[in-house]
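Structure data follow from work-v8.txt (compact mmCIF, C-alpha atoms):
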```
# COMPACT_ATOMS: atom_id res chain seq x y z
CA MET A 187 -34.06 -4.36 -21.29
CA THR A 188 -30.53 -5.34 -22.14
CA ALA A 189 -28.08 -2.50 -22.42
CA ARG A 190 -26.13 -2.08 -25.62
CA VAL A 191 -22.40 -2.21 -25.06
CA LEU A 192 -19.51 -1.08 -27.23
CA ILE A 193 -15.98 -2.21 -26.38
CA ASN A 194 -12.80 -1.26 -28.14
CA VAL A 195 -9.78 -3.42 -27.31
CA PRO A 196 -6.98 -4.27 -29.74
CA ALA A 197 -7.39 -7.89 -30.93
CA ARG A 198 -3.67 -8.58 -30.55
CA ALA A 199 -0.88 -6.98 -28.60
CA LYS A 200 2.77 -7.52 -27.73
CA ARG A 201 3.53 -8.92 -24.29
CA GLY A 202 3.98 -6.07 -21.82
CA GLU A 203 2.45 -3.50 -24.14
CA THR A 204 0.16 -0.89 -22.59
CA ILE A 205 -3.17 -0.96 -24.41
CA GLU A 206 -6.09 1.41 -24.26
CA ILE A 207 -9.56 0.03 -23.52
CA LYS A 208 -12.61 2.09 -24.43
CA THR A 209 -16.08 1.17 -23.21
CA LEU A 210 -19.50 2.63 -23.83
CA ILE A 211 -22.83 1.36 -22.50
CA SER A 212 -26.35 2.57 -23.19
CA HIS A 213 -27.91 3.81 -19.96
CA PRO A 214 -29.99 6.92 -19.08
CA MET A 215 -27.93 7.79 -15.95
CA GLU A 216 -30.97 9.55 -14.49
CA SER A 217 -29.49 11.77 -11.79
CA GLY A 218 -32.48 11.84 -9.43
CA TYR A 219 -32.43 15.65 -9.41
CA ARG A 220 -34.57 16.31 -12.46
CA VAL A 221 -38.26 17.15 -12.30
CA GLY A 222 -40.71 15.40 -14.62
CA THR A 223 -43.83 16.80 -16.27
CA ASN A 224 -45.95 15.97 -13.20
CA GLY A 225 -43.72 18.14 -11.00
CA ALA A 226 -42.27 15.20 -9.10
CA LEU A 227 -38.60 14.27 -8.99
CA ILE A 228 -37.63 11.51 -11.38
CA PRO A 229 -36.11 8.75 -9.23
CA ARG A 230 -32.40 8.13 -9.51
CA ASP A 231 -31.35 5.39 -11.90
CA ILE A 232 -27.62 5.23 -12.51
CA ILE A 233 -24.76 2.81 -13.01
CA ASP A 234 -22.61 3.28 -9.92
CA ARG A 235 -19.92 0.65 -10.41
CA PHE A 236 -17.75 -0.58 -13.25
CA THR A 237 -15.08 -3.24 -13.05
CA CYS A 238 -12.67 -4.71 -15.55
CA THR A 239 -11.00 -8.07 -14.98
CA TYR A 240 -8.16 -9.55 -17.04
CA ASN A 241 -8.23 -13.35 -16.88
CA GLY A 242 -10.09 -13.10 -13.59
CA GLU A 243 -7.80 -10.52 -12.01
CA ASP A 244 -9.15 -7.04 -11.24
CA VAL A 245 -7.27 -4.43 -13.26
CA PHE A 246 -9.60 -1.42 -13.12
CA ARG A 247 -12.52 -0.29 -11.00
CA ALA A 248 -14.64 2.84 -11.22
CA GLU A 249 -17.20 4.33 -8.89
CA LEU A 250 -19.61 6.55 -10.80
CA SER A 251 -21.76 9.40 -9.48
CA PRO A 252 -24.93 10.85 -11.02
CA ALA A 253 -22.58 13.45 -12.55
CA ILE A 254 -21.48 10.95 -15.19
CA ALA A 255 -23.19 11.64 -18.51
CA ALA A 256 -25.85 9.36 -19.98
CA ASN A 257 -24.44 6.35 -21.83
CA PRO A 258 -21.30 6.21 -19.69
CA PHE A 259 -18.06 6.25 -21.64
CA ILE A 260 -14.98 5.05 -19.78
CA ALA A 261 -11.54 4.76 -21.34
CA PHE A 262 -8.48 3.51 -19.47
CA PHE A 263 -5.25 1.55 -19.92
CA THR A 264 -3.96 -1.85 -18.98
CA VAL A 265 -0.85 -3.94 -19.63
CA ALA A 266 -1.33 -6.86 -22.02
CA THR A 267 0.25 -9.63 -19.94
CA GLU A 268 -1.06 -12.81 -21.56
CA SER A 269 -3.61 -14.07 -24.03
CA GLY A 270 -7.04 -14.51 -22.60
CA MET A 271 -10.25 -12.79 -21.76
CA ILE A 272 -10.90 -9.24 -20.61
CA SER A 273 -14.29 -8.97 -18.91
CA PHE A 274 -16.34 -5.90 -18.06
CA ARG A 275 -19.14 -5.55 -15.58
CA TRP A 276 -21.47 -2.63 -14.93
CA THR A 277 -23.86 -2.62 -11.97
CA GLY A 278 -26.27 0.01 -10.74
CA ASP A 279 -29.64 1.04 -9.38
CA ASN A 280 -32.75 -1.14 -9.69
CA GLY A 281 -30.62 -4.26 -9.94
CA PHE A 282 -28.98 -3.17 -13.16
CA SER A 283 -26.22 -5.46 -14.29
CA ALA A 284 -24.44 -5.96 -17.61
CA THR A 285 -21.40 -7.98 -18.55
CA GLU A 286 -19.30 -8.23 -21.68
CA SER A 287 -16.06 -10.01 -22.55
CA VAL A 288 -13.49 -9.71 -25.29
CA ILE A 289 -10.65 -12.01 -26.30
CA ILE A 290 -7.15 -10.68 -26.65
CA ALA A 291 -4.19 -12.47 -28.25
CA VAL A 292 -0.81 -11.60 -26.75
CA GLU A 293 2.37 -12.70 -28.47
CA MET B 71 -65.96 21.86 21.89
CA THR B 72 -64.79 23.91 24.85
CA ARG B 73 -62.74 27.05 24.34
CA ALA B 74 -59.54 25.46 25.71
CA ASN B 75 -59.94 22.49 23.44
CA ARG B 76 -60.54 24.68 20.45
CA ARG B 77 -57.40 26.71 21.20
CA GLY B 78 -55.39 23.56 21.62
CA PHE B 79 -56.71 22.26 18.36
CA LEU B 80 -55.89 25.50 16.54
CA ILE B 81 -52.36 25.66 17.91
CA HIS B 82 -51.80 22.05 17.10
CA SER B 83 -53.05 22.36 13.54
CA ALA B 84 -51.00 25.52 13.00
CA ARG B 85 -47.88 23.67 14.13
CA LEU B 86 -48.75 20.76 11.90
CA ALA B 87 -49.23 23.05 8.91
CA ALA B 88 -45.93 24.77 9.61
CA GLY B 89 -44.25 21.41 9.89
CA VAL B 90 -45.71 20.18 6.63
CA GLY B 91 -44.71 23.43 4.95
CA LEU B 92 -41.15 23.08 6.19
CA VAL B 93 -40.91 19.48 5.04
CA SER B 94 -42.24 20.24 1.56
CA LEU B 95 -39.90 23.25 1.34
CA LEU B 96 -36.98 20.96 2.12
CA ALA B 97 -38.18 18.43 -0.42
CA ILE B 98 -38.56 20.99 -3.20
CA LYS B 99 -35.32 22.88 -2.60
CA PRO B 100 -32.72 21.00 -4.62
CA SER B 101 -29.52 20.28 -2.74
CA ARG B 102 -26.44 21.74 -4.35
CA ALA B 103 -22.74 21.21 -4.05
CA THR B 104 -20.83 24.32 -3.12
CA PRO B 105 -17.10 25.06 -3.17
CA GLU B 106 -17.20 24.27 0.57
CA SER B 107 -18.93 20.91 0.16
CA MET B 108 -16.44 20.08 -2.59
CA GLN B 109 -13.60 20.85 -0.18
CA ASP B 110 -15.32 18.62 2.40
CA ALA B 111 -15.59 15.77 -0.11
CA ILE B 112 -11.93 16.19 -1.06
CA ARG B 113 -10.93 16.29 2.61
CA LYS B 114 -12.81 13.03 3.17
CA VAL B 115 -10.64 11.37 0.51
CA VAL B 116 -7.34 13.00 1.40
CA GLY B 117 -7.72 12.92 5.18
CA GLU B 118 -4.88 14.60 7.04
CA ALA B 119 -2.40 14.23 4.16
CA SER B 120 -1.32 17.33 2.32
CA LEU B 121 -2.67 17.99 -1.15
CA ARG B 122 0.04 19.25 -3.50
CA PRO B 123 -0.42 20.75 -6.97
CA GLY B 124 1.35 18.88 -9.77
CA LYS B 125 1.75 15.48 -11.46
CA VAL B 126 -1.91 15.53 -12.51
CA THR B 127 -3.05 16.76 -15.92
CA LEU B 128 -6.73 17.59 -16.16
CA ASP B 129 -7.86 18.02 -19.73
CA LEU B 130 -11.19 19.81 -20.17
CA PRO B 131 -12.59 22.03 -22.91
CA PRO B 132 -12.51 25.64 -21.61
CA LEU B 133 -16.03 26.27 -22.88
CA VAL B 134 -18.87 23.87 -23.70
CA GLU B 135 -22.28 24.59 -25.21
CA ASN B 136 -24.08 21.77 -23.47
CA GLY B 137 -23.41 20.58 -19.95
CA ASN B 138 -24.99 17.19 -20.57
CA THR B 139 -21.86 15.62 -22.03
CA VAL B 140 -18.56 17.20 -21.15
CA PRO B 141 -15.48 15.18 -22.11
CA LEU B 142 -12.82 14.91 -19.45
CA THR B 143 -9.39 13.29 -19.37
CA VAL B 144 -7.21 12.92 -16.31
CA ALA B 145 -3.63 11.74 -16.68
CA VAL B 146 -1.16 11.29 -13.85
CA ASP B 147 2.60 11.35 -14.27
CA SER B 148 3.75 8.04 -12.76
CA PRO B 149 5.96 5.11 -13.83
CA MET B 150 3.15 2.74 -12.70
CA THR B 151 5.51 0.15 -11.18
CA GLU B 152 4.87 -2.03 -8.16
CA ALA B 153 6.88 0.39 -5.99
CA ASP B 154 5.53 3.65 -7.41
CA HIS B 155 2.07 3.79 -8.92
CA VAL B 156 -1.19 5.68 -8.79
CA ARG B 157 -3.65 4.03 -6.46
CA ALA B 158 -6.72 6.08 -7.35
CA ILE B 159 -7.94 9.10 -9.28
CA HIS B 160 -10.84 11.17 -7.94
CA VAL B 161 -12.73 13.94 -9.74
CA PHE B 162 -14.84 16.60 -8.01
CA ASN B 163 -17.00 19.53 -9.06
CA GLU B 164 -18.35 22.47 -7.10
CA LYS B 165 -21.83 23.19 -8.50
CA ASN B 166 -23.60 19.92 -9.36
CA PRO B 167 -26.07 18.54 -6.80
CA GLN B 168 -23.27 16.30 -5.52
CA PRO B 169 -19.57 17.22 -5.39
CA HIS B 170 -18.30 13.78 -6.43
CA VAL B 171 -17.95 12.90 -10.12
CA VAL B 172 -15.93 9.70 -10.39
CA THR B 173 -13.35 7.63 -8.55
CA VAL B 174 -11.22 5.00 -10.23
CA ASP B 175 -8.94 2.42 -8.62
CA LEU B 176 -5.73 1.66 -10.45
CA GLY B 177 -2.66 -0.46 -9.90
CA PRO B 178 0.63 -1.31 -11.56
CA ARG B 179 -1.37 -3.45 -14.00
CA ALA B 180 -2.79 -0.29 -15.55
CA GLY B 181 0.51 0.60 -17.25
CA ARG B 182 -0.55 4.20 -17.63
CA ALA B 183 -2.58 6.30 -15.20
CA LYS B 184 -5.00 7.90 -17.57
CA LEU B 185 -8.79 8.03 -17.54
CA SER B 186 -11.29 9.49 -19.99
CA THR B 187 -15.01 9.83 -19.43
CA ARG B 188 -17.89 12.24 -19.97
CA MET B 189 -19.73 14.13 -17.26
CA LYS B 190 -22.74 16.35 -16.68
CA LEU B 191 -22.22 19.87 -15.38
CA SER B 192 -24.82 22.25 -14.05
CA GLY B 193 -23.19 25.55 -14.81
CA SER B 194 -19.78 27.14 -15.14
CA GLN B 195 -17.50 25.98 -12.38
CA GLN B 196 -14.19 24.58 -11.26
CA ILE B 197 -13.32 20.90 -11.64
CA VAL B 198 -10.72 19.30 -9.39
CA ALA B 199 -8.84 16.05 -10.02
CA VAL B 200 -6.98 14.35 -7.16
CA ALA B 201 -4.48 11.52 -7.58
CA GLU B 202 -3.68 9.17 -4.73
CA MET B 203 -0.20 7.64 -5.03
CA SER B 204 1.08 4.32 -3.66
CA ASP B 205 3.35 6.20 -1.23
CA GLY B 206 0.30 7.87 0.32
CA SER B 207 0.85 11.32 -1.21
CA PHE B 208 -1.91 13.27 -2.94
CA TRP B 209 -1.54 15.48 -6.01
CA THR B 210 -4.09 17.72 -7.61
CA GLU B 211 -4.94 19.94 -10.52
CA SER B 212 -8.03 22.04 -11.13
CA ALA B 213 -9.53 23.60 -14.24
CA ASP B 214 -12.25 26.15 -14.86
CA ILE B 215 -14.96 25.48 -17.39
CA ILE B 216 -17.71 27.66 -18.82
CA VAL B 217 -21.00 25.88 -19.51
CA THR B 218 -23.58 27.66 -21.69
CA ILE B 219 -26.51 25.29 -21.11
CA ALA B 220 -26.52 23.52 -17.77
CA ALA B 221 -27.37 19.86 -17.24
CA CYS B 222 -29.10 18.16 -14.29
CA ILE B 223 -31.69 20.83 -13.58
CA GLU B 224 -33.65 21.10 -16.79
CA ASP B 225 -37.19 19.71 -16.88
CA VAL B 226 -37.96 16.66 -18.91
CA PRO B 227 -39.97 17.68 -22.00
```
Please express the file's structure as structure tokens.
Amino acid sequence: MTARVLINVPARAKRGETIEIKTLISHPMESGYRVGTNGALIPRDIIDRFTCTYNGEDVFRAELSPAIAANPFIAFFTVATESGMISFRWTGDNGFSATESVIIAVE
Amino acid sequence: MTRANRRGFLIHSARLAAGVGLVSLLAIKPSRATPESMQDAIRKVVGEASLRPGKVTLDLPPLVENGNTVPLTVAVDSPMTEADHVRAIHVFNEKNPQPHVVTVDLGPRAGRAKLSTRMKLSGSQQIVAVAEMSDGSFWTESADIIVTIAACIEDVP
């Protein structure tokens, strides 16, 4: 199953401008503490890592716990330094991995 | 079966049953973060450095109906330059099964030290945000939140 991803990054920005990046990904974020109908614990299944790279350089990293709500929403800021590609990567339990990239034009 | 053997067998099986009971009790009892375990988790991050109130703004609704999605914004007052920036932001809670909520790594490239996300909360409690600065100092703010319907512990329908 591929996760659905929503990214909000301004398409163009002025050089040196601080821009907000909003990301949302579809994922159950099953905490591993809930009990199913059969009385057994539902095994943990979460995204535990998120990274954002700007033209290959790491600009933001997050370490998530089961306490993050389902469909993790993460919003943060970065400086628009040059035109290029901003890439996002989510990884987690059971080999979960998703990547997404957006193009930004900096003038 | 001789009497001694029978006694040995009975004692052994009683111990085994007690052991099994203990193990299943441990397995069923959900672990829970407490204000103490939250302090431990914070101490692990901060180490020997002193934790000072200020610089951090923790924005939480004072009351939420549903603990499954609680919006949270942490902003840290910092120029975010090479010489003076926020290195990381940590968020902790005191009543979820685990005290840790999220940790983010930042740098001067961030431009502004501000993070928004959504978390799950199992009950009314205190949330603590800790900011780690490039000079090695730690700043904190906490906020209380009332949760009407808790997350994490409800059964799946």
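Counting all atoms listed in the file, every residue of chain A that comes within 7 Å of chain B is listed here: Thr204, Ser217, Tyr219, Arg220, Val221, Gly222, Thr223, Val245, Phe246, Arg247, Ala248, Glu249, Leu250, Ser251, Ala253, Ile254, Ala255, Pro258, Phe259, Ile260, Ala261, Phe262, Phe263, Thr264 and Val265 of chain A.
Excluding Val191 (chain A) itself and any same-chain residue fewer than 6 positions from it, the protein and nucleic acid residues within 12 Å of it, counting only C-alpha atoms, are Lys208, Thr209, Leu210, Ile211, Ser212, His213, Asn257, Pro258, Phe259, Ile260, Phe274, Arg275, Trp276, Ser283, Ala284, Thr285, Glu286, Ser287 and Val288 of chain A.
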- Message: Could you tell me how far CA of Thr237 (chain A) sits from CA of Pro196 (chain A), in Å to one decimal place?
- Response: 18.6 Å
Around the point (-4.4, 21.7, -9.3) in the file's coordinates, collect all residues with an atom within 8 Å, using all atoms listed in the file, and return them as a JSON list (two decimals) with C-alpha atoms, in the coordinates of the input.
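Writing the result to out_28.json gives the following:
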```
[["chain", "number", "residue", "atom", "x", "y", "z"],
["B", 122, "ARG", "CA", 0.04, 19.25, -3.50],
["B", 123, "PRO", "CA", -0.42, 20.75, -6.97],
["B", 124, "GLY", "CA", 1.35, 18.88, -9.77],
["B", 126, "VAL", "CA", -1.91, 15.53, -12.51],
["B", 198, "VAL", "CA", -10.72, 19.30, -9.39],
["B", 199, "ALA", "CA", -8.84, 16.05, -10.02],
["B", 209, "TRP", "CA", -1.54, 15.48, -6.01],
["B", 210, "THR", "CA", -4.09, 17.72, -7.61],
["B", 211, "GLU", "CA", -4.94, 19.94, -10.52],
["B", 212, "SER", "CA", -8.03, 22.04, -11.13],
["B", 213, "ALA", "CA", -9.53, 23.60, -14.24]]
```
- Query: Near Ala291 (chain A), within 8 Å and counting all atoms listed in the file, which residues show up once chain neighbours fewer than 4 positions away are dropped, as a VMD selection string?
  - Reply: chain A and resid 197 to 199 268 to 270
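If all atoms listed in the file are the atoms counted, then among B:Gln195, B:Asp110, B:Val146, B:Leu133 the closest residue to Glu164 (chain B) is B:Gln195.
Our summary of the geometry notes that CA of Asp244 (chain A) is positioned 23.2 Å from CA of Ser207 (chain B).
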